[in-house]
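Participant: Here you go, one structure.
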Amino acid sequence: MNSSRYTHGSLDLNTANLPSHVAIIMDGNGRWAKKRLLNRIKGHEKGSETVRTIIRTCRELKIPVLTLYAFSTENWQRPKLEVAALMTLLKKFLESEQKEMIDNNIRLNAIGQIDLLPQNVYQSLKKVMDLTKKNNGLILNLALSYGGRAEIVKMVREIAQKMKDGLINSDSITPELVSEHLYTRGMPDPDLLIRTSGEMRISNFLLWQIAYAEIFITDTLWPDFSKEEFITILKNYQLRDRRFGKVVP
Ligand code: FPP
């Protein structure tokens with residue numbers, strides 16, 4: 001196989017021009033379950049299998065960063081049983097994927113107000129983050145108890161404190177400085193944002209970072225989202241004319 005191509009079934013992808021950072025709003029677990037007259041939790045369980053598939057594909061394609069919106073600040077308002085089931089699923093996921101992440105050079109990084117997570121989930125998360133912190137392959141950002149506005153407020157507070165302490169002045173506040181005070185510091189901004197299940201919303205996800213991201217919205221519900229569809233979106237991404245606001249002659 002040519003080293004700059006990736007073949008999957010009848011799909012052939014050029015790996016030379018892939019996004020450096022893919023961000024995904026994983027939506028539609030509840031609808032997937034409802035369609036099958038199942039409990040919503042079954043949808044989340046099936047959705048976590050898709051999570052595994054997409055992580056594996058990003059690793060195989062050597063995409064540097066993948067950010068998954070797993071739990072938003074607003075999701076705390078869901079019924080208690082659903083929140084508890086999502087937390088249990090997350091803990092199980094961390095335990096079952098720990099070895100795969102270590103063996104495959106994946107660095108797990110949580111973004112969001114993770115101190116709000118139940119203690120046992122927080123501990124598992126910290127453990128896997130610690131075990132994988134020296135890995136230099138795929139960075140897997142799990143957005144947990146994450147909200148884009150809360151992230152921006154946190155950044156403003158940190159910068160205001162630095163000004164108060166006399167470490168910087170207002171002229172030092174640049175886009176680069178702002179980026180350095182976000183959870184994604186040191187990482188490229190997402191080039192590609194995918195949302196499943198058809199809704200045309202950003203839902204408070206990576207508000208600063210997606211300034212120039214290419215957006216793909218698919219009607220597919222997250223549990224049905226496949227490696228084939230992901231590769232098809234990547235091929236489509238490669239056809240987009242990214243001008244970053246400029247005129248290209
Ligand atoms: C949105 O579907 C999905 C979520 C709120 C949670 C995402 C969680 C997973 C994919 C599984 C667990 C995650 C990991 C990392 C193991 P929804 O419930 O809003 O669906 P609906 O809009 O159809 O109701």
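Here's how to read the names in the structure tokens: chain A, B, ... by the order shown, residue numbers from 1 in each chain, ligand numbers from 1 in the order shown.
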Find the residues near range 228-245 of chain A: any atom within 7 Å, counting only C-alpha atoms, skip ones fewer than 3 places away on the same chain, and give them as a list in words.

Facilitator: Leu13, Asn17, Tyr212, Phe225 and Val248 of chain A

Participant: Could you find all residues in range 1-246 of chain A that DSSP calls alpha helix (DSSP H) from the backbone, and write them as a VMD selection string?

Facilitator: chain A and resid 29 to 35 40 to 61 80 to 103 119 to 131 148 to 164 175 to 180 227 to 239

Participant: Selected residues, C-alpha atoms, written as a short mmCIF file (atom, residue, chain, number, x, y, z; two decimals), in the first residue's frame, please.

Facilitator:
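out.cif was written with the following content:
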```cif
data_model
loop_
_atom_site.label_atom_id
_atom_site.label_comp_id
_atom_site.auth_asym_id
_atom_site.auth_seq_id
_atom_site.Cartn_x
_atom_site.Cartn_y
_atom_site.Cartn_z
CA ASN A 29 -28.05 8.40 21.38
CA GLY A 30 -31.49 9.01 22.88
CA ARG A 31 -33.25 9.04 19.50
CA TRP A 32 -31.42 5.88 18.46
CA ALA A 33 -32.79 4.11 21.54
CA LYS A 34 -36.28 5.57 21.15
CA LYS A 35 -36.54 4.31 17.58
CA ARG A 40 -32.05 5.98 26.42
CA ILE A 41 -29.18 4.42 28.34
CA LYS A 42 -28.97 1.65 25.73
CA GLY A 43 -28.34 4.41 23.20
CA HIS A 44 -25.44 5.74 25.26
CA GLU A 45 -24.03 2.21 25.56
CA LYS A 46 -24.15 1.72 21.81
CA GLY A 47 -22.71 5.24 21.43
CA SER A 48 -19.67 4.31 23.46
CA GLU A 49 -18.92 1.55 20.93
CA THR A 50 -18.87 4.23 18.22
CA VAL A 51 -16.46 6.21 20.43
CA ARG A 52 -14.06 3.25 20.33
CA THR A 53 -14.32 2.92 16.55
CA ILE A 54 -13.64 6.59 15.91
CA ILE A 55 -10.70 6.75 18.33
CA ARG A 56 -9.17 3.72 16.61
CA THR A 57 -9.66 5.26 13.18
CA CYS A 58 -8.05 8.56 14.21
CA ARG A 59 -5.10 6.63 15.60
CA GLU A 60 -4.71 4.58 12.41
CA LEU A 61 -4.88 7.74 10.31
CA LYS A 80 -30.61 11.75 37.79
CA LEU A 81 -30.74 8.16 36.55
CA GLU A 82 -29.46 9.11 33.10
CA VAL A 83 -26.61 11.18 34.56
CA ALA A 84 -25.67 8.29 36.85
CA ALA A 85 -25.77 5.83 33.92
CA LEU A 86 -23.55 8.12 31.81
CA MET A 87 -21.05 8.38 34.67
CA THR A 88 -21.00 4.59 35.11
CA LEU A 89 -20.50 4.18 31.37
CA LEU A 90 -17.66 6.66 31.40
CA LYS A 91 -15.94 4.86 34.28
CA LYS A 92 -16.33 1.50 32.49
CA PHE A 93 -14.97 3.04 29.32
CA LEU A 94 -11.91 4.39 31.14
CA GLU A 95 -11.24 1.00 32.72
CA SER A 96 -11.74 -0.99 29.52
CA GLU A 97 -9.76 1.39 27.28
CA GLN A 98 -6.86 2.04 29.62
CA LYS A 99 -4.73 -0.75 28.15
CA GLU A 100 -5.54 0.19 24.55
CA MET A 101 -4.55 3.80 25.24
CA ILE A 102 -1.27 2.80 26.87
CA ASP A 103 -0.42 0.23 24.18
CA GLN A 119 -15.25 11.14 42.98
CA ASN A 120 -14.84 7.62 41.57
CA VAL A 121 -15.09 8.81 37.94
CA TYR A 122 -12.71 11.67 38.69
CA GLN A 123 -10.18 9.21 40.17
CA SER A 124 -10.37 6.86 37.15
CA LEU A 125 -9.97 9.79 34.81
CA LYS A 126 -6.95 11.15 36.68
CA LYS A 127 -5.40 7.69 36.75
CA VAL A 128 -5.65 7.16 32.97
CA MET A 129 -4.51 10.73 32.29
CA ASP A 130 -1.52 10.13 34.50
CA LEU A 131 -0.70 6.74 32.95
CA GLY A 148 -17.50 26.84 25.95
CA ARG A 149 -18.70 29.95 27.78
CA ALA A 150 -17.46 28.64 31.12
CA GLU A 151 -14.08 27.99 29.47
CA ILE A 152 -13.98 31.57 28.19
CA VAL A 153 -14.92 32.94 31.64
CA LYS A 154 -12.11 30.88 33.18
CA MET A 155 -9.65 32.29 30.62
CA VAL A 156 -10.77 35.90 31.26
CA ARG A 157 -10.38 35.41 35.02
CA GLU A 158 -6.87 33.99 34.63
CA ILE A 159 -5.78 36.82 32.35
CA ALA A 160 -7.36 39.45 34.64
CA GLN A 161 -5.48 37.96 37.59
CA LYS A 162 -2.18 38.16 35.67
CA MET A 163 -2.87 41.82 34.91
CA LYS A 164 -3.72 42.49 38.53
CA PRO A 175 -5.35 35.77 20.31
CA GLU A 176 -2.31 33.62 21.14
CA LEU A 177 -2.47 34.58 24.83
CA VAL A 178 -6.18 33.79 24.91
CA SER A 179 -5.54 30.36 23.35
CA GLU A 180 -2.87 29.66 25.94
CA LYS A 227 -15.82 4.32 10.18
CA GLU A 228 -17.04 4.44 6.55
CA GLU A 229 -19.00 7.64 7.12
CA PHE A 230 -16.11 9.19 9.02
CA ILE A 231 -13.72 8.46 6.15
CA THR A 232 -16.26 9.81 3.65
CA ILE A 233 -16.45 13.07 5.66
CA LEU A 234 -12.64 13.27 5.72
CA LYS A 235 -12.57 12.87 1.93
CA ASN A 236 -15.18 15.60 1.62
CA TYR A 237 -13.17 17.83 4.00
CA GLN A 238 -10.19 17.49 1.65
CA LEU A 239 -12.27 18.94 -1.18
#
```

Participant: Just checking: using only C-alpha atoms and all ligand atoms, which residue out of A:Met26, A:Leu167, A:Ala110, A:Ile173 ends up closest to ligand 1?

Facilitator: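 Looking at the shortest contact to ligand 1, the residue is A:Met26.
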
Participant: Any idea what the distance is between CA of Lys133 in chain A and CA of Ile24 in chain A?

Facilitator: 22.3 Å

Participant: May I ask which of the residues A:Gly137, A:Gly198, A:Pro249, A:Gly147 is the closest one to ligand 1, counting only C-alpha atoms and all ligand atoms?

Facilitator: A:Gly198

Participant: Considering only C-alpha atoms and all ligand atoms, state which residue in the set A:Glu74, A:Asp165, A:Glu199, A:Asp27 is at the smallest distance from ligand 1.

Facilitator: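 Ranked by minimum distance to ligand 1, first place goes to A:Asp27.
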
Participant: Of the candidates A:Leu206, A:Leu37, A:Ile139, A:Leu193, which shows the shortest atom-to-atom distance to Val65 in chain A, using only C-alpha atoms?

Facilitator: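 That would be A:Ile139, the residue with the smallest distance to Val65 in chain A.
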
Participant: Quick one: of A:Asn109, A:Ser197, A:Asn204, A:Thr218, who's nearest to ligand 1, counting only C-alpha atoms and all ligand atoms?

Facilitator: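 Checking each of A:Asn109, A:Ser197, A:Asn204, A:Thr218 against ligand 1, counting only C-alpha atoms and all ligand atoms, the winner is A:Ser197.
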
Participant: Restricting the calculation to only C-alpha atoms: of A:Asn169, A:Ser10, A:Thr184, A:Ser145, which residue gets closest to Ile210 in chain A?

Facilitator: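 For Ile210 in chain A, the nearest of the given residues is A:Thr184.
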
Participant: Can you tell me how far CA of Tyr183 in chain A sits from CA of Ile25 in chain A, in Å to one decimal?

Facilitator: 17.0 Å

Participant: Quick one: pick out all strand (DSSP E) residues within range 47-221 of chain A from a backbone DSSP run and write them as a list in words.

Facilitator: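 Put together, the selection reads Val65, Leu66, Thr67, Leu68, Tyr69, Ala70, Phe71, Ser72, Arg107, Leu108, Asn109, Ala110, Ile111, Ile139, Leu140, Asn141, Leu142, Ala143, Leu144, Ser145, Tyr146, Leu192, Leu193, Ile194, Arg195, Glu214, Ile215, Phe216 and Ile217 of chain A.
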
Participant: Restricting the output to N, CA, C and O atoms, write the selected residues as a short mmCIF file (atom, residue, chain, number, x, y, z; two decimals), in the first residue's frame.

Facilitator:
```cif
data_model
loop_
_atom_site.label_atom_id
_atom_site.label_comp_id
_atom_site.auth_asym_id
_atom_site.auth_seq_id
_atom_site.Cartn_x
_atom_site.Cartn_y
_atom_site.Cartn_z
N VAL A 65 -5.10 15.19 16.94
CA VAL A 65 -5.98 15.49 18.09
C VAL A 65 -7.44 15.15 17.75
O VAL A 65 -7.94 15.52 16.68
N LEU A 66 -8.10 14.49 18.69
CA LEU A 66 -9.54 14.21 18.57
C LEU A 66 -10.20 14.71 19.85
O LEU A 66 -9.77 14.37 20.96
N THR A 67 -11.23 15.56 19.70
CA THR A 67 -11.97 16.04 20.87
C THR A 67 -13.42 15.59 20.78
O THR A 67 -14.10 15.85 19.79
N LEU A 68 -13.86 14.88 21.80
CA LEU A 68 -15.23 14.35 21.82
C LEU A 68 -16.04 15.02 22.91
O LEU A 68 -15.61 15.08 24.08
N TYR A 69 -17.22 15.51 22.52
CA TYR A 69 -18.11 16.18 23.49
C TYR A 69 -18.91 15.08 24.19
O TYR A 69 -19.93 14.61 23.66
N ALA A 70 -18.44 14.65 25.34
CA ALA A 70 -19.06 13.50 26.01
C ALA A 70 -20.11 13.91 27.04
O ALA A 70 -21.04 13.16 27.31
N PHE A 71 -19.92 15.11 27.65
CA PHE A 71 -20.88 15.53 28.69
C PHE A 71 -20.75 17.05 28.87
O PHE A 71 -19.68 17.56 29.20
N SER A 72 -21.86 17.74 28.63
CA SER A 72 -21.79 19.21 28.72
C SER A 72 -22.19 19.69 30.11
O SER A 72 -22.79 18.93 30.89
N ARG A 107 -2.70 9.79 24.34
CA ARG A 107 -2.71 10.59 25.57
C ARG A 107 -4.12 11.07 25.86
O ARG A 107 -4.71 11.79 25.04
N LEU A 108 -4.64 10.65 27.00
CA LEU A 108 -5.98 11.09 27.37
C LEU A 108 -5.89 12.42 28.12
O LEU A 108 -5.07 12.59 29.03
N ASN A 109 -6.75 13.33 27.72
CA ASN A 109 -6.76 14.64 28.35
C ASN A 109 -8.23 15.04 28.54
O ASN A 109 -9.00 14.98 27.58
N ALA A 110 -8.62 15.38 29.76
CA ALA A 110 -10.02 15.80 29.96
C ALA A 110 -10.09 17.31 29.86
O ALA A 110 -9.18 18.02 30.33
N ILE A 111 -11.14 17.81 29.24
CA ILE A 111 -11.35 19.26 29.23
C ILE A 111 -12.72 19.54 29.83
O ILE A 111 -13.69 18.85 29.54
N ILE A 139 -3.78 12.65 20.72
CA ILE A 139 -4.30 13.29 21.94
C ILE A 139 -5.81 13.13 21.89
O ILE A 139 -6.46 13.59 20.95
N LEU A 140 -6.35 12.47 22.90
CA LEU A 140 -7.80 12.29 22.97
C LEU A 140 -8.35 13.21 24.06
O LEU A 140 -8.14 12.99 25.25
N ASN A 141 -8.99 14.28 23.62
CA ASN A 141 -9.62 15.19 24.58
C ASN A 141 -11.05 14.72 24.83
O ASN A 141 -11.85 14.66 23.89
N LEU A 142 -11.36 14.42 26.06
CA LEU A 142 -12.76 14.12 26.40
C LEU A 142 -13.33 15.36 27.06
O LEU A 142 -12.84 15.79 28.12
N ALA A 143 -14.35 15.94 26.42
CA ALA A 143 -14.98 17.12 27.03
C ALA A 143 -16.03 16.62 28.02
O ALA A 143 -17.01 15.99 27.64
N LEU A 144 -15.76 16.89 29.28
CA LEU A 144 -16.61 16.37 30.37
C LEU A 144 -16.98 17.51 31.29
O LEU A 144 -16.09 18.23 31.77
N SER A 145 -18.25 17.67 31.54
CA SER A 145 -18.73 18.81 32.30
C SER A 145 -18.15 20.07 31.65
O SER A 145 -17.63 20.96 32.31
N TYR A 146 -18.21 20.06 30.32
CA TYR A 146 -17.59 21.12 29.53
C TYR A 146 -18.63 22.10 29.01
O TYR A 146 -19.72 21.71 28.57
N LEU A 192 -11.84 20.50 11.67
CA LEU A 192 -13.07 19.83 11.25
C LEU A 192 -13.95 19.61 12.48
O LEU A 192 -13.49 19.08 13.50
N LEU A 193 -15.20 20.07 12.36
CA LEU A 193 -16.19 19.85 13.42
C LEU A 193 -17.32 19.02 12.83
O LEU A 193 -17.92 19.41 11.83
N ILE A 194 -17.58 17.88 13.45
CA ILE A 194 -18.65 17.00 12.97
C ILE A 194 -19.75 16.99 14.03
O ILE A 194 -19.46 16.91 15.24
N ARG A 195 -21.00 17.10 13.60
CA ARG A 195 -22.11 16.90 14.52
C ARG A 195 -23.03 15.83 13.94
O ARG A 195 -23.43 15.93 12.78
N GLU A 214 -14.07 23.67 9.56
CA GLU A 214 -15.05 23.24 8.56
C GLU A 214 -16.10 22.42 9.29
O GLU A 214 -15.76 21.54 10.09
N ILE A 215 -17.38 22.72 9.03
CA ILE A 215 -18.45 22.05 9.78
C ILE A 215 -19.16 21.03 8.90
O ILE A 215 -19.52 21.33 7.77
N PHE A 216 -19.34 19.84 9.44
CA PHE A 216 -20.11 18.79 8.77
C PHE A 216 -21.21 18.32 9.70
O PHE A 216 -20.92 17.89 10.81
N ILE A 217 -22.43 18.40 9.22
CA ILE A 217 -23.55 17.90 10.02
C ILE A 217 -24.17 16.73 9.27
O ILE A 217 -24.49 16.84 8.09
#
```

Participant: When you draw a straight line from atom 17 (P, counted along the ligand's line) of ligand 1 to CA of Gly28 in chain A, how long is it in Å?

Facilitator: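 Separating atom 17 (P, counted along the ligand's line) of ligand 1 from CA of Gly28 in chain A is a distance of 4.7 Å.
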